[in-house]
>>> print(open('work13.csv').read())   # CSV, C-alpha atoms
chain,number,residue,atom,x,y,z
A,258,MET,CA,41.8,42.6,-4.8
A,259,MET,CA,45.1,41.6,-6.2
A,260,ARG,CA,46.6,38.2,-6.7
A,261,HIS,CA,50.1,37.6,-5.6
A,262,ARG,CA,52.6,34.9,-5.8
A,263,GLY,CA,53.7,35.1,-2.2
A,264,PHE,CA,57.2,35.3,-0.8
A,265,ILE,CA,59.1,35.2,2.5
A,266,LEU,CA,60.6,38.5,3.7
A,267,TRP,CA,63.1,37.4,6.3
A,268,PHE,CA,64.6,40.0,8.6
A,269,THR,CA,67.7,39.2,10.5
A,270,GLY,CA,69.9,41.2,12.8
A,271,LEU,CA,70.8,41.9,16.4
A,272,SER,CA,68.3,43.0,19.0
A,273,GLY,CA,67.5,46.6,18.6
A,274,ALA,CA,68.8,46.8,15.0
A,275,GLY,CA,65.3,47.8,13.6
A,276,LYS,CA,63.9,44.5,12.4
A,277,SER,CA,60.5,44.8,14.0
A,278,THR,CA,60.1,48.5,13.2
A,279,LEU,CA,60.9,48.0,9.5
A,280,ALA,CA,58.9,44.7,9.3
A,281,SER,CA,55.7,46.3,10.6
A,282,ARG,CA,56.1,49.3,8.3
A,283,VAL,CA,56.3,47.0,5.3
A,284,GLU,CA,53.4,44.9,6.7
A,285,GLN,CA,51.2,48.0,7.0
A,286,GLU,CA,52.1,49.3,3.6
A,287,LEU,CA,51.4,45.9,1.9
A,288,ARG,CA,48.0,45.7,3.7
A,289,GLU,CA,47.2,49.1,2.2
A,290,ARG,CA,48.1,47.7,-1.2
A,291,ALA,CA,45.6,44.8,-0.7
A,292,VAL,CA,48.4,42.2,-0.5
A,293,PRO,CA,47.7,39.3,1.9
A,294,VAL,CA,50.4,39.5,4.5
A,295,GLU,CA,51.3,38.1,7.9
A,296,LEU,CA,54.0,39.3,10.3
A,297,LEU,CA,55.4,36.5,12.3
A,298,ASP,CA,57.3,38.4,15.0
A,299,GLY,CA,59.4,36.6,17.6
A,300,ASP,CA,57.2,37.1,20.6
A,301,GLU,CA,53.9,36.0,18.9
A,302,VAL,CA,55.6,32.9,17.6
A,303,ARG,CA,57.1,32.0,20.9
A,304,GLN,CA,53.7,32.4,22.5
A,305,ASN,CA,51.8,30.4,19.9
A,306,LEU,CA,54.2,27.9,18.5
A,307,SER,CA,57.2,27.6,20.8
A,308,LYS,CA,56.2,27.9,24.4
A,309,GLY,CA,58.6,26.1,26.6
A,310,LEU,CA,61.6,26.6,24.3
A,311,GLY,CA,64.6,28.5,25.7
A,312,PHE,CA,67.6,30.2,24.1
A,313,SER,CA,70.1,27.4,23.7
A,314,LYS,CA,71.3,26.8,20.2
A,315,GLU,CA,69.1,23.8,19.8
A,316,ASP,CA,66.0,25.6,21.1
A,317,ARG,CA,66.7,28.7,19.0
A,318,ASP,CA,67.1,26.5,15.9
A,319,THR,CA,63.8,24.7,16.6
A,320,ASN,CA,62.1,28.1,17.0
A,321,ILE,CA,63.5,29.4,13.8
A,322,ARG,CA,62.6,26.2,11.9
A,323,ARG,CA,59.0,26.5,13.1
A,324,ILE,CA,58.8,30.1,11.9
A,325,GLY,CA,60.3,29.0,8.6
A,326,PHE,CA,57.8,26.1,8.3
A,327,VAL,CA,54.8,28.5,8.9
A,328,ALA,CA,56.2,31.2,6.6
A,329,ASN,CA,56.6,28.7,3.8
A,330,LEU,CA,53.0,27.5,4.2
A,331,LEU,CA,51.8,31.1,3.9
A,332,ALA,CA,54.1,32.0,1.0
A,333,ARG,CA,53.3,29.0,-1.1
A,334,ASN,CA,49.7,29.9,-0.7
A,335,HIS,CA,50.2,33.4,-2.2
A,336,ALA,CA,50.6,35.4,1.0
A,337,VAL,CA,53.6,37.4,2.0
A,338,ALA,CA,55.2,36.1,5.2
A,339,ILE,CA,57.3,38.6,7.0
A,340,THR,CA,59.5,37.3,9.9
A,341,ALA,CA,61.4,39.5,12.4
A,342,ALA,CA,63.3,37.1,14.7
A,343,ILE,CA,67.0,37.6,15.4
A,344,SER,CA,67.7,34.3,13.6
A,345,PRO,CA,71.4,34.4,14.4
A,346,TYR,CA,72.6,31.2,12.7
A,347,ARG,CA,73.4,31.3,9.0
A,348,ALA,CA,73.0,27.6,8.4
A,349,ILE,CA,69.4,27.6,9.7
A,350,ARG,CA,68.5,30.6,7.6
A,351,ASP,CA,70.0,29.0,4.6
A,352,GLU,CA,68.2,25.7,5.3
A,353,ILE,CA,64.9,27.6,5.4
A,354,ARG,CA,65.8,29.4,2.2
A,355,GLY,CA,66.6,26.1,0.6
A,356,ARG,CA,63.2,24.5,1.6
A,357,SER,CA,61.1,27.5,0.6
A,358,ASN,CA,58.7,26.9,-2.3
A,359,ALA,CA,58.5,30.7,-2.8
A,360,PRO,CA,61.0,33.5,-3.2
A,361,PHE,CA,63.1,34.1,-0.1
A,362,VAL,CA,64.2,37.7,0.5
A,363,GLU,CA,66.7,38.1,3.3
A,364,VAL,CA,66.9,41.6,4.8
A,365,TYR,CA,70.0,42.1,6.9
A,366,CYS,CA,69.5,44.9,9.4
A,367,GLU,CA,73.1,45.9,10.2
A,368,CYS,CA,74.0,48.1,13.1
A,369,ASP,CA,77.2,48.6,15.0
A,370,ILE,CA,76.9,46.8,18.4
A,371,ASP,CA,78.5,49.8,20.2
A,372,GLU,CA,75.6,51.9,18.8
A,373,LEU,CA,73.1,49.3,19.9
A,374,GLU,CA,74.5,49.2,23.4
A,375,ARG,CA,74.5,53.0,23.5
A,376,ARG,CA,70.8,53.2,22.5
A,377,ASP,CA,69.7,50.1,24.5
A,378,VAL,CA,66.0,51.0,24.1
A,379,LYS,CA,64.8,48.0,26.1
A,380,GLY,CA,67.7,47.9,28.6
A,381,LEU,CA,68.5,44.4,27.4
A,382,TYR,CA,72.2,44.9,26.6
A,383,LYS,CA,72.9,46.3,30.0
A,384,LYS,CA,71.3,43.2,31.6
A,385,ALA,CA,73.2,40.9,29.3
A,386,ARG,CA,76.5,42.7,30.2
A,387,ALA,CA,75.6,42.3,33.8
A,388,GLY,CA,75.0,38.6,33.3
A,389,LEU,CA,71.3,38.9,34.1
A,390,ILE,CA,70.4,37.6,30.7
A,391,LYS,CA,72.3,34.6,29.4
A,392,ASN,CA,72.8,33.6,25.7
A,393,PHE,CA,72.2,37.1,24.5
A,394,THR,CA,73.1,37.4,20.8
A,395,GLY,CA,76.0,39.7,20.2
A,396,ILE,CA,77.2,39.6,23.9
A,397,ASP,CA,77.6,36.0,24.9
A,398,ASP,CA,76.0,34.3,21.9
A,399,PRO,CA,77.1,34.5,18.3
A,400,TYR,CA,75.5,36.4,15.4
A,401,GLU,CA,76.4,35.2,12.0
A,402,ALA,CA,75.7,37.9,9.4
A,403,PRO,CA,74.3,37.0,6.0
A,404,GLU,CA,76.9,36.9,3.3
A,405,GLN,CA,74.7,37.8,0.4
A,406,PRO,CA,71.4,39.2,1.7
A,407,GLU,CA,68.9,40.4,-1.0
A,408,VAL,CA,68.7,43.7,0.9
A,409,ARG,CA,71.2,45.1,3.4
A,410,VAL,CA,70.2,48.1,5.5
A,411,ASP,CA,72.5,49.9,7.8
A,412,THR,CA,70.3,51.3,10.6
A,413,HIS,CA,73.2,53.1,12.2
A,414,GLN,CA,74.1,55.2,9.2
A,415,GLU,CA,70.7,55.4,7.4
A,416,SER,CA,67.4,57.0,8.6
A,417,GLU,CA,64.4,54.7,9.1
A,418,ASP,CA,62.9,56.1,5.9
A,419,GLN,CA,66.0,55.3,3.9
A,420,SER,CA,66.1,51.7,5.1
A,421,TYR,CA,62.4,51.3,4.4
A,422,ALA,CA,62.7,52.8,0.9
A,423,LYS,CA,65.5,50.3,0.1
A,424,ILE,CA,63.3,47.4,1.0
A,425,MET,CA,60.3,48.6,-0.9
A,426,THR,CA,62.3,49.5,-3.9
A,427,TYR,CA,63.8,46.0,-4.0
A,428,LEU,CA,60.4,44.4,-3.7
A,429,GLU,CA,58.8,46.6,-6.4
A,430,SER,CA,61.7,46.2,-8.8
A,431,ARG,CA,61.4,42.4,-8.6
A,432,GLY,CA,57.6,42.7,-9.2
A,433,TYR,CA,57.0,41.0,-5.8
A,434,VAL,CA,54.7,43.7,-4.7
A,435,PRO,CA,52.5,46.0,-6.8
A,436,PRO,CA,53.2,49.7,-6.9
A,437,PRO,CA,50.9,51.9,-4.7
A,438,ALA,CA,47.4,52.3,-6.1
A,439,GLU,CA,47.9,55.9,-7.1
A,440,ALA,CA,50.9,55.0,-9.2
A,441,LEU,CA,49.0,52.4,-11.2
A,442,GLN,CA,46.9,54.9,-13.2
A,443,LEU,CA,44.6,52.2,-14.3
A,444,PRO,CA,41.8,52.7,-16.9
A,445,SER,CA,39.3,52.7,-14.1
A,446,GLU,CA,36.0,52.1,-16.0
A,447,GLN,CA,37.3,49.2,-18.2
A,448,ARG,CA,38.9,47.7,-15.1
A,449,GLN,CA,35.7,47.8,-13.1
A,450,ALA,CA,33.7,46.3,-15.9
A,451,SER,CA,36.2,43.4,-16.2
A,452,LEU,CA,36.3,42.9,-12.5
A,453,LYS,CA,32.5,42.8,-12.3
A,454,ARG,CA,32.3,40.2,-15.1
A,455,LEU,CA,34.9,38.0,-13.5
A,456,LYS,CA,33.0,38.2,-10.2
A,457,GLU,CA,29.8,37.2,-11.9
A,458,TRP,CA,31.6,34.1,-13.3
A,459,GLY,CA,32.8,33.1,-9.9
A,460,TYR,CA,36.3,34.3,-10.3
A,461,LEU,CA,37.8,36.7,-7.8
B,870,MET,CA,43.4,31.1,-11.1
B,871,MET,CA,40.6,31.7,-8.8
B,872,ARG,CA,40.4,33.8,-5.7
B,873,HIS,CA,39.0,32.3,-2.5
B,874,ARG,CA,38.1,33.6,0.8
B,875,GLY,CA,39.7,30.8,2.7
B,876,PHE,CA,38.2,28.6,5.5
B,877,ILE,CA,39.2,25.9,7.9
B,878,LEU,CA,38.0,22.4,7.3
B,879,TRP,CA,38.4,20.7,10.6
B,880,PHE,CA,38.1,16.9,10.7
B,881,THR,CA,37.6,15.3,14.1
B,882,GLY,CA,37.0,11.7,15.1
B,883,LEU,CA,38.6,8.6,16.6
B,884,SER,CA,41.8,7.0,15.2
B,885,GLY,CA,40.8,5.0,12.1
B,886,ALA,CA,37.5,6.8,11.5
B,887,GLY,CA,38.6,8.0,8.1
B,888,LYS,CA,39.8,11.6,8.8
B,889,SER,CA,43.0,11.4,6.9
B,890,THR,CA,41.6,9.5,3.9
B,891,LEU,CA,38.7,11.9,3.5
B,892,ALA,CA,40.9,15.0,4.2
B,893,SER,CA,43.4,14.1,1.5
B,894,ARG,CA,40.7,13.3,-1.0
B,895,VAL,CA,39.2,16.8,-0.4
B,896,GLU,CA,42.7,18.3,-0.6
B,897,GLN,CA,43.4,16.6,-3.9
B,898,GLU,CA,40.1,17.7,-5.4
B,899,LEU,CA,40.6,21.3,-4.3
B,900,ARG,CA,44.0,21.4,-5.9
B,901,GLU,CA,42.5,20.2,-9.1
B,902,ARG,CA,40.0,23.1,-8.9
B,903,ALA,CA,42.9,25.6,-8.4
B,904,VAL,CA,42.1,26.4,-4.8
B,905,PRO,CA,45.1,27.1,-2.6
B,906,VAL,CA,45.0,24.4,0.1
B,907,GLU,CA,47.1,22.9,2.8
B,908,LEU,CA,46.5,19.6,4.7
B,909,LEU,CA,47.9,19.9,8.2
B,910,ASP,CA,47.9,16.2,9.3
B,911,GLY,CA,48.7,15.1,12.8
B,912,ASP,CA,52.1,13.6,12.0
B,913,GLU,CA,53.5,16.4,9.9
B,914,VAL,CA,52.5,18.9,12.5
B,915,ARG,CA,54.0,16.9,15.4
B,916,GLN,CA,57.2,16.7,13.4
B,917,ASN,CA,57.4,20.4,12.5
B,918,LEU,CA,55.6,22.3,15.2
B,919,SER,CA,55.2,20.1,18.2
B,920,LYS,CA,58.2,17.9,18.6
B,921,GLY,CA,58.7,17.0,22.2
B,922,LEU,CA,55.0,17.1,23.1
B,923,GLY,CA,53.3,14.0,24.4
B,924,PHE,CA,49.7,12.8,24.7
B,925,SER,CA,48.7,14.2,28.1
B,926,LYS,CA,45.7,16.5,28.0
B,927,GLU,CA,47.9,19.5,28.3
B,928,ASP,CA,50.2,18.5,25.5
B,929,ARG,CA,47.3,17.5,23.3
B,930,ASP,CA,45.7,20.8,23.9
B,931,THR,CA,48.9,22.6,23.0
B,932,ASN,CA,49.3,20.6,19.8
B,933,ILE,CA,45.7,21.3,18.7
B,934,ARG,CA,46.1,25.0,19.5
B,935,ARG,CA,49.2,25.2,17.3
B,936,ILE,CA,47.3,23.5,14.5
B,937,GLY,CA,44.5,26.0,15.0
B,938,PHE,CA,46.9,28.9,15.0
B,939,VAL,CA,48.5,27.9,11.7
B,940,ALA,CA,45.2,27.0,10.1
B,941,ASN,CA,43.8,30.4,11.0
B,942,LEU,CA,46.9,32.2,9.5
B,943,LEU,CA,46.3,30.3,6.2
B,944,ALA,CA,42.5,30.7,6.1
B,945,ARG,CA,42.6,34.4,6.7
B,946,ASN,CA,45.0,34.7,3.8
B,947,HIS,CA,42.5,33.1,1.5
B,948,ALA,CA,43.8,29.5,1.5
B,949,VAL,CA,41.9,26.4,2.7
B,950,ALA,CA,43.4,24.8,5.7
B,951,ILE,CA,42.4,21.2,6.2
B,952,THR,CA,43.2,19.6,9.5
B,953,ALA,CA,43.0,15.9,10.4
B,954,ALA,CA,44.0,15.4,14.0
B,955,ILE,CA,41.8,13.4,16.4
B,956,SER,CA,41.3,16.7,18.4
B,957,PRO,CA,39.3,14.9,21.1
B,958,TYR,CA,38.4,17.8,23.3
B,959,ARG,CA,35.3,19.9,22.5
B,960,ALA,CA,36.4,23.0,24.4
B,961,ILE,CA,39.6,23.3,22.4
B,962,ARG,CA,37.9,22.8,19.1
B,963,ASP,CA,35.3,25.4,20.1
B,964,GLU,CA,38.1,27.8,21.2
B,965,ILE,CA,39.7,27.5,17.8
B,966,ARG,CA,36.4,28.0,16.1
B,967,GLY,CA,35.8,31.2,18.2
B,968,ARG,CA,39.2,32.6,17.3
B,969,SER,CA,39.0,31.9,13.6
B,970,ASN,CA,38.9,34.9,11.3
B,971,ALA,CA,37.4,32.7,8.5
B,972,PRO,CA,34.6,30.2,8.3
B,973,PHE,CA,35.1,27.1,10.4
B,974,VAL,CA,33.7,23.9,9.0
B,975,GLU,CA,33.8,21.0,11.5
B,976,VAL,CA,33.5,17.5,10.0
B,977,TYR,CA,32.7,14.8,12.5
B,978,CYS,CA,33.9,11.4,11.3
B,979,GLU,CA,31.7,9.1,13.3
B,980,CYS,CA,32.4,5.4,13.6
B,981,ASP,CA,31.4,2.8,16.1
B,982,ILE,CA,34.4,2.0,18.3
B,983,ASP,CA,33.6,-1.8,18.1
B,984,GLU,CA,33.9,-1.5,14.3
B,985,LEU,CA,37.2,0.5,14.6
B,986,GLU,CA,38.6,-2.2,16.9
B,987,ARG,CA,37.5,-4.9,14.5
B,988,ARG,CA,39.2,-3.2,11.5
B,989,ASP,CA,42.3,-1.9,13.5
B,990,VAL,CA,44.2,-1.2,10.3
B,991,LYS,CA,47.3,0.0,12.1
B,992,GLY,CA,47.1,-2.4,15.0
B,993,LEU,CA,46.9,0.5,17.5
B,994,TYR,CA,43.6,-0.5,19.3
B,995,LYS,CA,45.1,-3.9,20.1
B,996,LYS,CA,48.2,-2.2,21.5
B,997,ALA,CA,46.1,0.2,23.5
B,998,ARG,CA,43.9,-2.6,24.9
B,999,ALA,CA,47.1,-4.4,25.9
B,1000,GLY,CA,48.3,-1.3,27.7
B,1001,LEU,CA,51.3,-0.8,25.3
B,1002,ILE,CA,50.0,2.6,24.2
B,1003,LYS,CA,48.8,4.9,27.0
B,1004,ASN,CA,46.3,7.8,26.6
B,1005,PHE,CA,44.7,6.3,23.5
B,1006,THR,CA,41.6,8.2,22.6
B,1007,GLY,CA,38.5,6.0,22.9
B,1008,ILE,CA,40.2,3.4,25.1
B,1009,ASP,CA,41.8,5.1,28.1
B,1010,ASP,CA,41.4,8.7,27.0
B,1011,PRO,CA,38.1,10.5,26.3
B,1012,TYR,CA,36.7,11.6,23.0
B,1013,GLU,CA,34.1,14.4,23.1
B,1014,ALA,CA,32.0,14.3,19.9
B,1015,PRO,CA,30.9,17.6,18.4
B,1016,GLU,CA,27.3,18.6,19.2
B,1017,GLN,CA,26.6,20.5,16.0
B,1018,PRO,CA,29.2,19.8,13.4
B,1019,GLU,CA,28.7,21.4,10.0
B,1020,VAL,CA,29.0,18.0,8.4
B,1021,ARG,CA,28.6,14.6,10.0
B,1022,VAL,CA,29.7,11.5,8.2
B,1023,ASP,CA,29.2,8.0,9.5
B,1024,THR,CA,32.1,6.0,8.1
B,1025,HIS,CA,30.7,2.7,9.5
B,1026,GLN,CA,27.4,2.9,7.6
B,1027,GLU,CA,28.4,5.0,4.6
B,1028,SER,CA,30.8,4.2,1.8
B,1029,GLU,CA,33.9,6.5,1.4
B,1030,ASP,CA,32.3,8.0,-1.7
B,1031,GLN,CA,29.1,8.8,0.1
B,1032,SER,CA,31.0,10.6,3.0
B,1033,TYR,CA,33.2,12.4,0.5
B,1034,ALA,CA,30.2,13.6,-1.5
B,1035,LYS,CA,28.5,14.9,1.7
B,1036,ILE,CA,31.5,17.1,2.5
B,1037,MET,CA,31.9,18.4,-1.1
B,1038,THR,CA,28.2,19.1,-1.4
B,1039,TYR,CA,28.2,21.1,1.8
B,1040,LEU,CA,31.3,23.2,0.7
B,1041,GLU,CA,29.8,23.8,-2.8
B,1042,SER,CA,26.3,24.7,-1.5
B,1043,ARG,CA,27.9,27.3,0.8
B,1044,GLY,CA,30.0,28.7,-2.0
B,1045,TYR,CA,33.2,27.9,-0.2
B,1046,VAL,CA,34.6,26.0,-3.1
B,1047,PRO,CA,33.9,26.5,-6.8
B,1048,PRO,CA,32.2,23.7,-8.8
B,1049,PRO,CA,34.4,21.6,-10.9
B,1050,ALA,CA,35.7,23.3,-14.1
B,1051,GLU,CA,33.5,21.3,-16.4
B,1052,ALA,CA,30.4,22.4,-14.5
B,1053,LEU,CA,31.2,26.1,-14.9
B,1054,GLN,CA,30.4,26.3,-18.6
B,1055,LEU,CA,32.0,29.8,-18.8
B,1056,PRO,CA,31.9,31.9,-21.9
B,1057,SER,CA,35.5,31.1,-22.6
B,1058,GLU,CA,36.6,33.7,-25.1
B,1059,GLN,CA,35.2,36.7,-23.2
B,1060,ARG,CA,36.6,35.2,-20.0
B,1061,GLN,CA,40.1,34.8,-21.4
B,1062,ALA,CA,40.1,38.4,-22.7
B,1063,SER,CA,39.1,39.8,-19.4
B,1064,LEU,CA,41.7,37.7,-17.6
B,1065,LYS,CA,44.4,38.8,-20.0
B,1066,ARG,CA,43.5,42.5,-19.4
B,1067,LEU,CA,43.5,42.1,-15.7
B,1068,LYS,CA,46.9,40.4,-15.8
B,1069,GLU,CA,48.3,43.2,-17.9
B,1070,TRP,CA,47.2,45.7,-15.3
B,1071,GLY,CA,49.0,43.8,-12.6
B,1072,TYR,CA,45.8,42.2,-11.1
B,1073,LEU,CA,45.7,38.4,-10.9
>>> encode(input="work13.csv", output="structure tokens")
Amino acid sequence: MMRHRGFILWFTGLSGAGKSTLASRVEQELRERAVPVELLDGDEVRQNLSKGLGFSKEDRDTNIRRIGFVANLLARNHAVAITAAISPYRAIRDEIRGRSNAPFVEVYCECDIDELERRDVKGLYKKARAGLIKNFTGIDDPYEAPEQPEVRVDTHQESEDQSYAKIMTYLESRGYVPPPAEALQLPSEQRQASLKRLKEWGYL
Amino acid sequence: MMRHRGFILWFTGLSGAGKSTLASRVEQELRERAVPVELLDGDEVRQNLSKGLGFSKEDRDTNIRRIGFVANLLARNHAVAITAAISPYRAIRDEIRGRSNAPFVEVYCECDIDELERRDVKGLYKKARAGLIKNFTGIDDPYEAPEQPEVRVDTHQESEDQSYAKIMTYLESRGYVPPPAEALQLPSEQRQASLKRLKEWGYL
């Protein structure tokens, strides 16, 4: 198994912009590359850490700070923490970035709101327009786009594959994740012998 | 650096029984042995994950479940998660044990309540007896001792060093933590060469 430094991969963007889809593709790929990784998605976190919180600015901020707290614990212990909450407020994202003990990689999933309303996969925009959901980001609640995200994907113009490739290329070019196993072309026998020896000594 | 499987070291016991003291000694020692470790103490968790929760049974259970959730995320990503909350209810501790994806080591810090009231380092027992603090474990709130903890320390009868040694001996005997560096007596040159090679290949 490989040893990694850990980092936070922070997705942000409107509902339906592709955060969860891209986040779980990256998660799956990193698992295949033997990288310790956790995806903290909005629903799981609300269930386990933030039950009882609503969608007021204060409650949203608390929820996002909790995600940031847990992501930082993971990242500074050499795991990759992927988050995929809307996280609409710039100040809170920047606060979490500032507190992080590991690299913070912000991925802005950009998508035209007209396009999101047209797709409306979960029917949420329609409900928000009808006033059935209050404090819906992009409709009656603000979304503050990142000014200098490490990665910017445009899920209206790009295919999912293109957006995904942008993210992986960034992570590989920075050395944050190892290339896929088949690209490593390691001298297999020597490597196995070294690994075996280190295991015998209690390392690995 | 070493590679570890991760586990949860769960301290439980009455207020003043020595949980935090022993937990932070273990934490410090593991850091010195290059083991990734986090101490989730009661106060830090209440600040970052459980603000707004009180001390009713329901709120306590929620707080302990959150600690368990985070501890499990850390432990399954190869870090050691040490917790030091009173965690008075057996069913909740056992629930967290059951959900854990990594070894769960329960350390019961036993201490006679008369002795704790005599010491009363923080003056909390006096306040609880006077009714100034409500729902105080051991006074007007129950504490359910573990039936089969992995480690049992008696901080009334034992010295701090004795209790600490019991815990470390258990962890070392199970292979959960490596022995101190000076005890390893590794063949240093060979080891360095192997480590160097693995680093060049992107491992470690």
>>> closest_residue(input="work13.csv", among="A:Pro293, A:Gly263, A:Gly311, A:Pro399", to="chain B", atoms="only C-alpha atoms")
A:Pro293
>>> atom_distance(input="work13.csv", atom1="CA of Ala948 (chain B)", atom2="CA of Ser969 (chain B)")
13.2 Å
>>> residues_around(input="work13.csv", residues="Tyr977 (chain B)", least_positions_apart="2", cutoff="12 Å", atoms="all atoms listed in the file", output="number ranges by chain")
B: 878-883, 886-888, 891-892, 952-957, 959, 962, 974-975, 979-980, 1012-1024, 1032, 1035-1036
>>> write_last_selection(input="work13.csv", atoms="C-alpha atoms", output="mmCIF file, keeping the file's coordinate frame")
data_model
loop_
_atom_site.group_PDB
_atom_site.id
_atom_site.type_symbol
_atom_site.label_atom_id
_atom_site.label_comp_id
_atom_site.auth_asym_id
_atom_site.auth_seq_id
_atom_site.Cartn_x
_atom_site.Cartn_y
_atom_site.Cartn_z
ATOM 1 C CA LEU B 878 38.000 22.400 7.300
ATOM 2 C CA TRP B 879 38.400 20.700 10.600
ATOM 3 C CA PHE B 880 38.100 16.900 10.700
ATOM 4 C CA THR B 881 37.600 15.300 14.100
ATOM 5 C CA GLY B 882 37.000 11.700 15.100
ATOM 6 C CA LEU B 883 38.600 8.600 16.600
ATOM 7 C CA ALA B 886 37.500 6.800 11.500
ATOM 8 C CA GLY B 887 38.600 8.000 8.100
ATOM 9 C CA LYS B 888 39.800 11.600 8.800
ATOM 10 C CA LEU B 891 38.700 11.900 3.500
ATOM 11 C CA ALA B 892 40.900 15.000 4.200
ATOM 12 C CA THR B 952 43.200 19.600 9.500
ATOM 13 C CA ALA B 953 43.000 15.900 10.400
ATOM 14 C CA ALA B 954 44.000 15.400 14.000
ATOM 15 C CA ILE B 955 41.800 13.400 16.400
ATOM 16 C CA SER B 956 41.300 16.700 18.400
ATOM 17 C CA PRO B 957 39.300 14.900 21.100
ATOM 18 C CA ARG B 959 35.300 19.900 22.500
ATOM 19 C CA ARG B 962 37.900 22.800 19.100
ATOM 20 C CA VAL B 974 33.700 23.900 9.000
ATOM 21 C CA GLU B 975 33.800 21.000 11.500
ATOM 22 C CA GLU B 979 31.700 9.100 13.300
ATOM 23 C CA CYS B 980 32.400 5.400 13.600
ATOM 24 C CA TYR B 1012 36.700 11.600 23.000
ATOM 25 C CA GLU B 1013 34.100 14.400 23.100
ATOM 26 C CA ALA B 1014 32.000 14.300 19.900
ATOM 27 C CA PRO B 1015 30.900 17.600 18.400
ATOM 28 C CA GLU B 1016 27.300 18.600 19.200
ATOM 29 C CA GLN B 1017 26.600 20.500 16.000
ATOM 30 C CA PRO B 1018 29.200 19.800 13.400
ATOM 31 C CA GLU B 1019 28.700 21.400 10.000
ATOM 32 C CA VAL B 1020 29.000 18.000 8.400
ATOM 33 C CA ARG B 1021 28.600 14.600 10.000
ATOM 34 C CA VAL B 1022 29.700 11.500 8.200
ATOM 35 C CA ASP B 1023 29.200 8.000 9.500
ATOM 36 C CA THR B 1024 32.100 6.000 8.100
ATOM 37 C CA SER B 1032 31.000 10.600 3.000
ATOM 38 C CA LYS B 1035 28.500 14.900 1.700
ATOM 39 C CA ILE B 1036 31.500 17.100 2.500
#
>>> closest_residue(input="work13.csv", among="A:Asn392, A:Asn320, A:Gln419, A:Gln285", to="Ile349 (chain A)", atoms="only C-alpha atoms")
A:Asn320
>>> closest_residue(input="work13.csv", among="A:Val337, A:Ile324, A:Leu331, A:Leu297", to="chain B", atoms="all atoms listed in the file")
A:Leu331
>>> atom_distance(input="work13.csv", atom1="CA of Val906 (chain B)", atom2="CA of Gln1026 (chain B)")
28.8 Å
>>> residues_around(input="work13.csv", residues="Arg902 (chain B)", least_positions_apart="2", cutoff="8 Å", atoms="only C-alpha atoms", output="list in words")
Glu898, Leu899, Arg900, Val904, Pro1047, Pro1048, Pro1049 and Ala1050 of chain B
>>> residues_around(input="work13.csv", residues="region 369-377 of chain A", least_positions_apart="2", cutoff="8 Å", atoms="only C-alpha atoms", output="list in words")
Ser272, Gly273, Ala274, Glu367, Lys379, Gly380, Leu381, Tyr382, Lys383, Gly395 and His413 of chain A
>>> build_atoms(input="work13.csv", residues="region 364-374 of chain A", atoms="N, CA and C atoms", output="short mmCIF file (atom, residue, chain, number, x, y, z; two decimals), keeping the file's coordinate frame")
data_model
loop_
_atom_site.label_atom_id
_atom_site.label_comp_id
_atom_site.auth_asym_id
_atom_site.auth_seq_id
_atom_site.Cartn_x
_atom_site.Cartn_y
_atom_site.Cartn_z
N VAL A 364 66.59 40.19 4.51
CA VAL A 364 66.90 41.60 4.80
C VAL A 364 67.82 41.64 6.01
N TYR A 365 69.05 42.04 5.79
CA TYR A 365 70.00 42.10 6.90
C TYR A 365 69.97 43.52 7.50
N CYS A 366 69.51 43.60 8.73
CA CYS A 366 69.50 44.90 9.40
C CYS A 366 70.84 44.98 10.20
N GLU A 367 71.75 45.73 9.60
CA GLU A 367 73.10 45.90 10.20
C GLU A 367 73.11 47.06 11.11
N CYS A 368 73.78 46.91 12.23
CA CYS A 368 74.00 48.10 13.10
C CYS A 368 75.14 47.76 14.02
N ASP A 369 76.02 48.71 14.15
CA ASP A 369 77.20 48.60 15.00
C ASP A 369 76.72 48.21 16.44
N ILE A 370 77.39 47.21 17.03
CA ILE A 370 76.90 46.80 18.40
C ILE A 370 77.17 47.87 19.41
N ASP A 371 78.24 48.69 19.23
CA ASP A 371 78.50 49.80 20.20
C ASP A 371 77.28 50.75 20.17
N GLU A 372 76.77 51.00 18.97
CA GLU A 372 75.60 51.90 18.80
C GLU A 372 74.38 51.27 19.50
N LEU A 373 74.20 49.97 19.31
CA LEU A 373 73.10 49.30 19.90
C LEU A 373 73.15 49.33 21.44
N GLU A 374 74.34 49.16 21.96
CA GLU A 374 74.50 49.20 23.40
C GLU A 374 74.30 50.64 23.93
#
